[in-house]
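Listing of final_17.txt; format and content: compact mmCIF, C-alpha atoms.
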# COMPACT_ATOMS: atom_id res chain seq x y z
CA GLY A 1 -9.60 -2.10 -1.26
CA GLU A 2 -8.10 -0.88 -4.48
CA ASP A 3 -7.78 2.83 -5.10
CA VAL A 4 -5.15 4.59 -7.17
CA GLU A 5 -4.91 8.37 -7.17
CA GLN A 6 -2.98 10.87 -9.21
CA SER A 7 -2.92 14.63 -9.49
CA LEU A 8 -4.79 15.90 -12.53
CA PHE A 9 -2.31 18.21 -14.17
CA LEU A 10 1.39 19.05 -14.38
CA SER A 11 3.00 21.86 -16.34
CA VAL A 12 6.75 21.75 -16.96
CA ARG A 13 9.24 23.70 -19.02
CA GLU A 14 11.11 21.93 -21.80
CA GLY A 15 14.47 20.64 -20.57
CA ASP A 16 13.39 20.48 -16.92
CA SER A 17 12.60 17.29 -15.03
CA SER A 18 8.98 16.19 -14.55
CA VAL A 19 7.83 14.25 -11.54
CA ILE A 20 4.44 12.55 -11.67
CA ASN A 21 3.12 11.14 -8.41
CA CYS A 22 0.73 8.32 -7.64
CA THR A 23 -0.63 6.87 -4.42
CA TYR A 24 -2.30 3.53 -3.97
CA THR A 25 -4.05 1.84 -1.10
CA ASP A 26 -3.62 -1.89 -1.54
CA SER A 27 -0.51 -3.15 0.23
CA SER A 28 -0.67 -6.47 -1.61
CA SER A 29 0.27 -4.85 -4.92
CA THR A 30 2.75 -6.97 -6.84
CA TYR A 31 3.64 -4.85 -9.83
CA LEU A 32 3.12 -1.15 -10.51
CA TYR A 33 3.05 0.29 -14.01
CA TRP A 34 3.32 3.59 -15.82
CA TYR A 35 1.47 4.10 -19.08
CA LYS A 36 1.49 7.06 -21.48
CA GLN A 37 -1.47 8.11 -23.62
CA GLU A 38 -1.00 10.56 -26.44
CA PRO A 39 -3.99 12.26 -28.10
CA GLY A 40 -6.05 9.88 -30.21
CA ALA A 41 -4.08 6.84 -29.11
CA GLY A 42 -4.29 4.00 -26.65
CA LEU A 43 -2.17 3.48 -23.57
CA GLN A 44 1.49 2.74 -24.18
CA LEU A 45 3.44 0.88 -21.51
CA LEU A 46 6.42 2.97 -20.40
CA THR A 47 7.89 1.00 -17.54
CA TYR A 48 6.99 -1.11 -14.53
CA ILE A 49 8.47 -1.99 -11.17
CA PHE A 50 8.16 -5.04 -8.97
CA SER A 51 6.92 -4.25 -5.48
CA ASN A 52 10.11 -5.44 -3.75
CA MET A 53 12.19 -2.84 -5.60
CA ASP A 54 12.74 0.77 -4.57
CA MET A 55 13.89 2.20 -7.84
CA LYS A 56 14.13 1.42 -11.51
CA GLN A 57 15.86 3.50 -14.14
CA ASP A 58 15.28 3.25 -17.87
CA GLN A 59 17.00 5.92 -19.95
CA ARG A 60 15.23 9.22 -19.12
CA LEU A 61 12.71 7.51 -16.86
CA THR A 62 13.20 6.85 -13.16
CA VAL A 63 10.56 5.08 -11.11
CA LEU A 64 10.65 5.41 -7.33
CA LEU A 65 8.55 3.22 -5.07
CA ASN A 66 7.97 3.92 -1.39
CA LYS A 67 6.10 0.85 -0.29
CA LYS A 68 5.69 2.05 3.29
CA ASP A 69 3.86 5.19 2.15
CA LYS A 70 2.29 3.43 -0.87
CA HIS A 71 3.69 6.12 -3.10
CA LEU A 72 4.94 5.71 -6.65
CA SER A 73 6.56 8.38 -8.78
CA LEU A 74 7.80 8.71 -12.34
CA ARG A 75 10.58 11.16 -13.06
CA ILE A 76 11.22 12.18 -16.65
CA ALA A 77 14.60 13.81 -17.13
CA ASP A 78 15.16 16.50 -19.79
CA THR A 79 11.46 16.70 -20.59
CA GLN A 80 10.67 17.21 -24.27
CA THR A 81 7.56 18.52 -26.03
CA GLY A 82 6.88 14.97 -27.19
CA ASP A 83 6.45 14.00 -23.56
CA SER A 84 3.20 15.99 -23.43
CA ALA A 85 0.54 13.34 -22.80
CA ILE A 86 -1.59 11.78 -20.09
CA TYR A 87 0.29 9.46 -17.76
CA PHE A 88 -1.48 6.66 -15.91
CA CYS A 89 -0.16 4.63 -13.03
CA ALA A 90 -1.65 1.21 -12.39
CA GLU A 91 -1.25 -1.46 -9.75
CA ARG A 92 -1.60 -5.18 -10.13
CA VAL A 93 -3.09 -6.79 -7.04
CA LYS A 94 -2.64 -10.51 -6.64
CA ALA A 95 -5.54 -10.74 -4.20
CA ALA A 96 -7.85 -9.27 -6.86
CA GLY A 97 -7.06 -11.93 -9.43
CA ASN A 98 -4.10 -9.96 -10.78
CA LYS A 99 -6.42 -7.30 -12.10
CA LEU A 100 -4.90 -3.93 -13.00
CA THR A 101 -6.39 -0.88 -11.30
CA PHE A 102 -5.65 2.42 -13.00
CA GLY A 103 -5.38 5.91 -11.62
CA GLY A 104 -7.30 8.75 -13.23
CA GLY A 105 -4.28 9.98 -15.16
CA THR A 106 -2.07 13.08 -14.96
CA ARG A 107 -2.08 15.41 -17.93
CA VAL A 108 1.48 16.68 -18.52
CA LEU A 109 1.96 19.82 -20.59
CA VAL A 110 5.49 20.63 -21.69
CA LYS A 111 6.03 24.29 -22.53
CA PRO A 112 8.85 25.37 -24.86
CA GLU B 1 2.09 -3.98 -37.72
CA THR B 2 1.22 -2.86 -34.20
CA GLY B 3 0.73 -5.50 -31.52
CA VAL B 4 -2.96 -4.77 -30.88
CA THR B 5 -5.11 -3.48 -33.72
CA GLN B 6 -8.60 -2.06 -33.30
CA THR B 7 -11.13 -1.26 -36.02
CA PRO B 8 -12.80 1.00 -36.79
CA ARG B 9 -10.90 3.97 -35.32
CA HIS B 10 -14.02 6.09 -35.28
CA LEU B 11 -17.68 5.10 -35.24
CA VAL B 12 -20.83 7.19 -35.19
CA MET B 13 -24.06 5.32 -34.65
CA GLY B 14 -27.67 6.05 -33.87
CA MET B 15 -29.38 4.62 -30.83
CA THR B 16 -31.23 2.00 -32.88
CA ASN B 17 -28.20 0.75 -34.83
CA LYS B 18 -26.26 -2.46 -34.34
CA LYS B 19 -22.51 -2.35 -34.84
CA SER B 20 -19.42 -4.28 -33.76
CA LEU B 21 -15.96 -3.25 -32.63
CA LYS B 22 -13.08 -5.51 -33.57
CA CYS B 23 -9.76 -6.16 -31.88
CA GLU B 24 -6.90 -8.34 -33.04
CA GLN B 25 -3.62 -9.02 -31.23
CA HIS B 26 -0.40 -10.30 -32.81
CA LEU B 27 1.57 -10.76 -29.59
CA GLY B 28 0.80 -14.41 -28.88
CA HIS B 29 -1.14 -13.45 -25.76
CA ASN B 30 -3.99 -15.50 -24.34
CA ALA B 31 -5.98 -12.89 -22.40
CA MET B 32 -7.93 -10.01 -23.90
CA TYR B 33 -9.78 -7.08 -22.34
CA TRP B 34 -12.29 -4.37 -23.17
CA TYR B 35 -11.97 -1.04 -21.36
CA LYS B 36 -14.14 2.06 -21.59
CA GLN B 37 -12.51 5.47 -21.30
CA SER B 38 -14.89 8.38 -20.77
CA ALA B 39 -13.99 12.01 -20.22
CA LYS B 40 -13.26 12.81 -16.56
CA LYS B 41 -13.70 9.18 -15.44
CA PRO B 42 -11.11 6.53 -14.61
CA LEU B 43 -10.53 3.74 -17.05
CA GLU B 44 -13.34 1.19 -16.60
CA LEU B 45 -12.72 -2.51 -17.10
CA MET B 46 -15.70 -4.01 -18.96
CA PHE B 47 -14.82 -7.59 -19.85
CA VAL B 48 -11.91 -9.99 -19.54
CA TYR B 49 -11.34 -13.15 -21.55
CA SER B 50 -8.65 -15.55 -20.47
CA LEU B 51 -7.95 -18.58 -22.63
CA GLU B 52 -11.08 -17.68 -24.60
CA GLU B 53 -13.34 -17.90 -21.55
CA ARG B 54 -15.00 -14.84 -20.11
CA VAL B 55 -13.63 -14.43 -16.60
CA GLU B 56 -14.88 -10.97 -15.72
CA ASN B 57 -17.97 -8.98 -16.53
CA ASN B 58 -18.12 -5.77 -14.54
CA SER B 59 -21.85 -5.07 -14.39
CA VAL B 60 -21.88 -3.92 -17.96
CA PRO B 61 -25.34 -3.31 -19.52
CA SER B 62 -26.56 -6.05 -21.82
CA ARG B 63 -26.53 -3.68 -24.79
CA PHE B 64 -22.77 -4.49 -24.84
CA SER B 65 -22.05 -8.07 -25.84
CA PRO B 66 -18.48 -9.38 -26.09
CA GLU B 67 -17.30 -12.28 -28.20
CA CYS B 68 -13.91 -13.98 -28.21
CA PRO B 69 -13.79 -16.61 -30.97
CA ASN B 70 -10.06 -17.34 -30.42
CA SER B 71 -7.16 -15.98 -28.42
CA SER B 72 -6.23 -13.45 -31.11
CA HIS B 73 -9.61 -11.87 -31.76
CA LEU B 74 -12.09 -10.01 -29.62
CA PHE B 75 -15.33 -8.31 -30.59
CA LEU B 76 -17.71 -5.96 -28.83
CA HIS B 77 -21.22 -6.09 -30.28
CA LEU B 78 -23.28 -2.96 -29.70
CA HIS B 79 -27.04 -2.51 -29.95
CA THR B 80 -29.56 0.12 -28.81
CA LEU B 81 -26.86 2.24 -27.20
CA GLN B 82 -27.43 5.45 -25.27
CA PRO B 83 -25.67 8.80 -25.77
CA GLU B 84 -23.82 8.27 -22.46
CA ASP B 85 -22.13 5.25 -24.07
CA SER B 86 -20.10 7.64 -26.22
CA ALA B 87 -16.48 7.04 -25.22
CA LEU B 88 -13.14 5.63 -26.31
CA TYR B 89 -13.25 1.83 -26.22
CA LEU B 90 -9.86 0.27 -25.67
CA CYS B 91 -8.86 -3.31 -26.25
CA ALA B 92 -5.86 -4.81 -24.48
CA SER B 93 -4.10 -8.14 -24.27
CA SER B 94 -1.70 -9.89 -21.91
CA GLN B 95 -0.26 -13.29 -21.09
CA ALA B 96 -2.70 -14.84 -18.63
CA ASN B 97 -0.32 -17.32 -17.01
CA ARG B 98 2.38 -14.73 -16.27
CA TYR B 99 1.15 -12.55 -13.45
CA ASN B 100 3.69 -9.84 -14.19
CA SER B 101 2.56 -9.59 -17.81
CA PRO B 102 1.61 -5.96 -18.51
CA LEU B 103 -1.35 -5.03 -20.65
CA HIS B 104 -0.71 -3.98 -24.22
CA PHE B 105 -3.35 -1.64 -25.60
CA GLY B 106 -4.71 -0.88 -29.02
CA ASN B 107 -5.35 2.69 -30.16
CA GLY B 108 -9.04 2.43 -29.40
CA THR B 109 -12.31 3.06 -31.19
CA ARG B 110 -13.83 6.49 -30.62
CA LEU B 111 -17.58 5.84 -30.43
CA THR B 112 -20.19 8.58 -30.72
CA VAL B 113 -23.83 7.68 -30.13
CA THR B 114 -26.29 10.20 -31.57
Now that the file is in, can you turn its structure into C-alpha cells?
Amino acid sequence: GEDVEQSLFLSVREGDSSVINCTYTDSSSTYLYWYKQEPGAGLQLLTYIFSNMDMKQDQRLTVLLNKKDKHLSLRIADTQTGDSAIYFCAERVKAAGNKLTFGGGTRVLVKP
Amino acid sequence: ETGVTQTPRHLVMGMTNKKSLKCEQHLGHNAMYWYKQSAKKPLELMFVYSLEERVENNSVPSRFSPECPNSSHLFLHLHTLQPEDSALYLCASSQANRYNSPLHFGNGTRLTVT
C-alpha cells in the first residue's frame, strides 16, 4: 500500500543545516519528490530523485535516499529565514498508475 | 506569467450558491489535477484528467463537478457545498506520457463556505 509519513515540525536556527525526514512504504516507488509550500501559495517543486539513486545535490539542497529502509531526507544547508515553509515529500508509484502520494508535510521554522 | 494560474484566489460562498473555480496551465502539459488541502489533513487527490479524459475520481461528492474543455483549462463547479468543504483547492498539471514528470501546482483558491 501507499503511505508516506513525515514529522510535523522542525525548528532550526538561521545558518544551521535543516534535515527533513520522510518514510514511505511502497517499494515500487519510481520517483520521490520534495515540494515547498509558503503561506498563501501552492506547492513548489524543489527537487526529485530517481529510485535507483542514493543522493542528489542541487545547490543548498541534498536529497538522500535509503531504499532499503524506505527513507528519504532533504538537507538544506545554511538555512535562511526564507526557507520557513511547509515541506512535502511525495512518491510516485508505477503500480498505482504513476499517481503521486504526498506526506502530511513538515512545518519548518527558521529562527534568526 | 506563472505556469499554472488559478482564479479566484479567494472565494466565500453560501451553502446554496453555485460557483466555479478556474485553472489554466501554460506549460504545454496534457494532464491536470484537482487537489483539496484541508487543515491537519494530507493533500487529497480529487480528480485527474489525462488527455482531456477524466481518469480518476476519488469518491468525491457530486456537489463537486469537474470540467476539462481542453488540455490547458480545468474547472471545478461547486454547488450546495457544506462548511466542511472549506479548504484550499489546488490545481496541478503534468505531462501524462512522461512518468517522471513532476506536478506543477497553482497557488490555489482559498474557499470558505458559510
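The shortest atom-to-atom distance to Glu24 (chain B), with all atoms listed in the file taken into account, belongs to B:Gly108 out of B:Gly108, B:Ala87, B:Asn97, B:Lys40.
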Using only C-alpha atoms, list the residues that have an atom at most 7 Å from (-12.6, -5.8, -18.2), coordinates as in the file, as a PDB file with C-alpha atoms, in the coordinates of the input.
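Written output follows (part.pdb):
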ATOM      1  CA  TYR B  33      -9.780  -7.080 -22.340  1.00  0.00           C
ATOM      2  CA  TRP B  34     -12.290  -4.370 -23.170  1.00  0.00           C
ATOM      3  CA  TYR B  35     -11.970  -1.040 -21.360  1.00  0.00           C
ATOM      4  CA  LEU B  45     -12.720  -2.510 -17.100  1.00  0.00           C
ATOM      5  CA  MET B  46     -15.700  -4.010 -18.960  1.00  0.00           C
ATOM      6  CA  PHE B  47     -14.820  -7.590 -19.850  1.00  0.00           C
ATOM      7  CA  VAL B  48     -11.910  -9.990 -19.540  1.00  0.00           C
ATOM      8  CA  GLU B  56     -14.880 -10.970 -15.720  1.00  0.00           C
ATOM      9  CA  ASN B  57     -17.970  -8.980 -16.530  1.00  0.00           C
ATOM     10  CA  ASN B  58     -18.120  -5.770 -14.540  1.00  0.00           C
TER      11      ASN B  58
END
Closest pair table for chain B residues within 7 Å of chain A, all atoms listed in the file, as a Markdown table:
| residue | atom | partner | partner_atom | distance |
| --- | --- | --- | --- | --- |
| B:Lys41 | CA | A:Gly104 | CA | 6.8 |
| B:Pro42 | CA | A:Gly104 | CA | 4.6 |
| B:Leu43 | CA | A:Phe102 | CA | 6.5 |
| B:Leu90 | CA | A:Gly42 | CA | 6.8 |
| B:Tyr99 | CA | A:Asn98 | CA | 6.4 |
| B:Asn100 | CA | A:Tyr31 | CA | 6.6 |
| B:His104 | CA | A:Leu45 | CA | 6.9 |
| B:Phe105 | CA | A:Leu43 | CA | 5.6 |
| B:Gly106 | CA | A:Gly42 | CA | 5.4 |
| B:Asn107 | CA | A:Gly42 | CA | 3.9 |
| B:Gly108 | CA | A:Gly42 | CA | 5.7 |
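CA of Ser86 (chain B) to CA of Leu74 (chain B) spans 19.7 Å [interatomic distance, one decimal].
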- Query: Counting only C-alpha atoms, what is within 7 Å of Leu81 (chain B), bar same-chain residues fewer than 3 positions away, as a PyMOL selection string?
  - Reply: chain B and resi 15+63+78+85+113
- State, in Å with one decimal place, the distance from CA of Val55 (chain B) to CA of Val4 (chain B).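 According to the coordinates, CA of Val55 (chain B) and CA of Val4 (chain B) are separated by 20.3 Å.
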- Choose the residue, out of B:Lys19, B:Lys36, B:His26, B:Arg54, that has the smallest atom-to-atom separation from Glu67 (chain B); count all atoms listed in the file. B:Arg54
- Task: Mind giving me the straight-line distance from CA of Ser20 (chain B) to CA of Phe75 (chain B) in Å, one decimal?
- Result: 6.6 Å
Quick one: 5 Å padding each side, axis-aligned, all listed atoms of region 80-94 of chain B - centre and edge lengths in Å to one decimal, as JSON?
{"center_x": -15.6, "center_y": -0.5, "center_z": -25.4, "size_x": 37.9, "size_y": 28.7, "size_z": 16.9}
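Summary of the local environment: counting only C-alpha atoms, residues at most 6 Å from region 9-18 of chain A, other than itself and those fewer than 2 positions away along its chain, are Ser7, Arg75, Ile76, Ala77, Asp78, Thr79, Gln80, Thr106, Arg107, Val108, Leu109, Val110, Lys111 and Pro112 of chain A.
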- Task: Considering all atoms listed in the file, state which residue in the set B:Ser101, B:Ser50, B:Thr7, B:Ser93 is at the smallest distance from Leu21 (chain B).
- Result: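 Answer, going by the shortest atom-to-atom distance: B:Thr7.
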- Which of B:Asn70, B:Cys23, B:Arg98, B:Tyr89 sits closest to His10 (chain B) [using all atoms listed in the file]: B:Tyr89
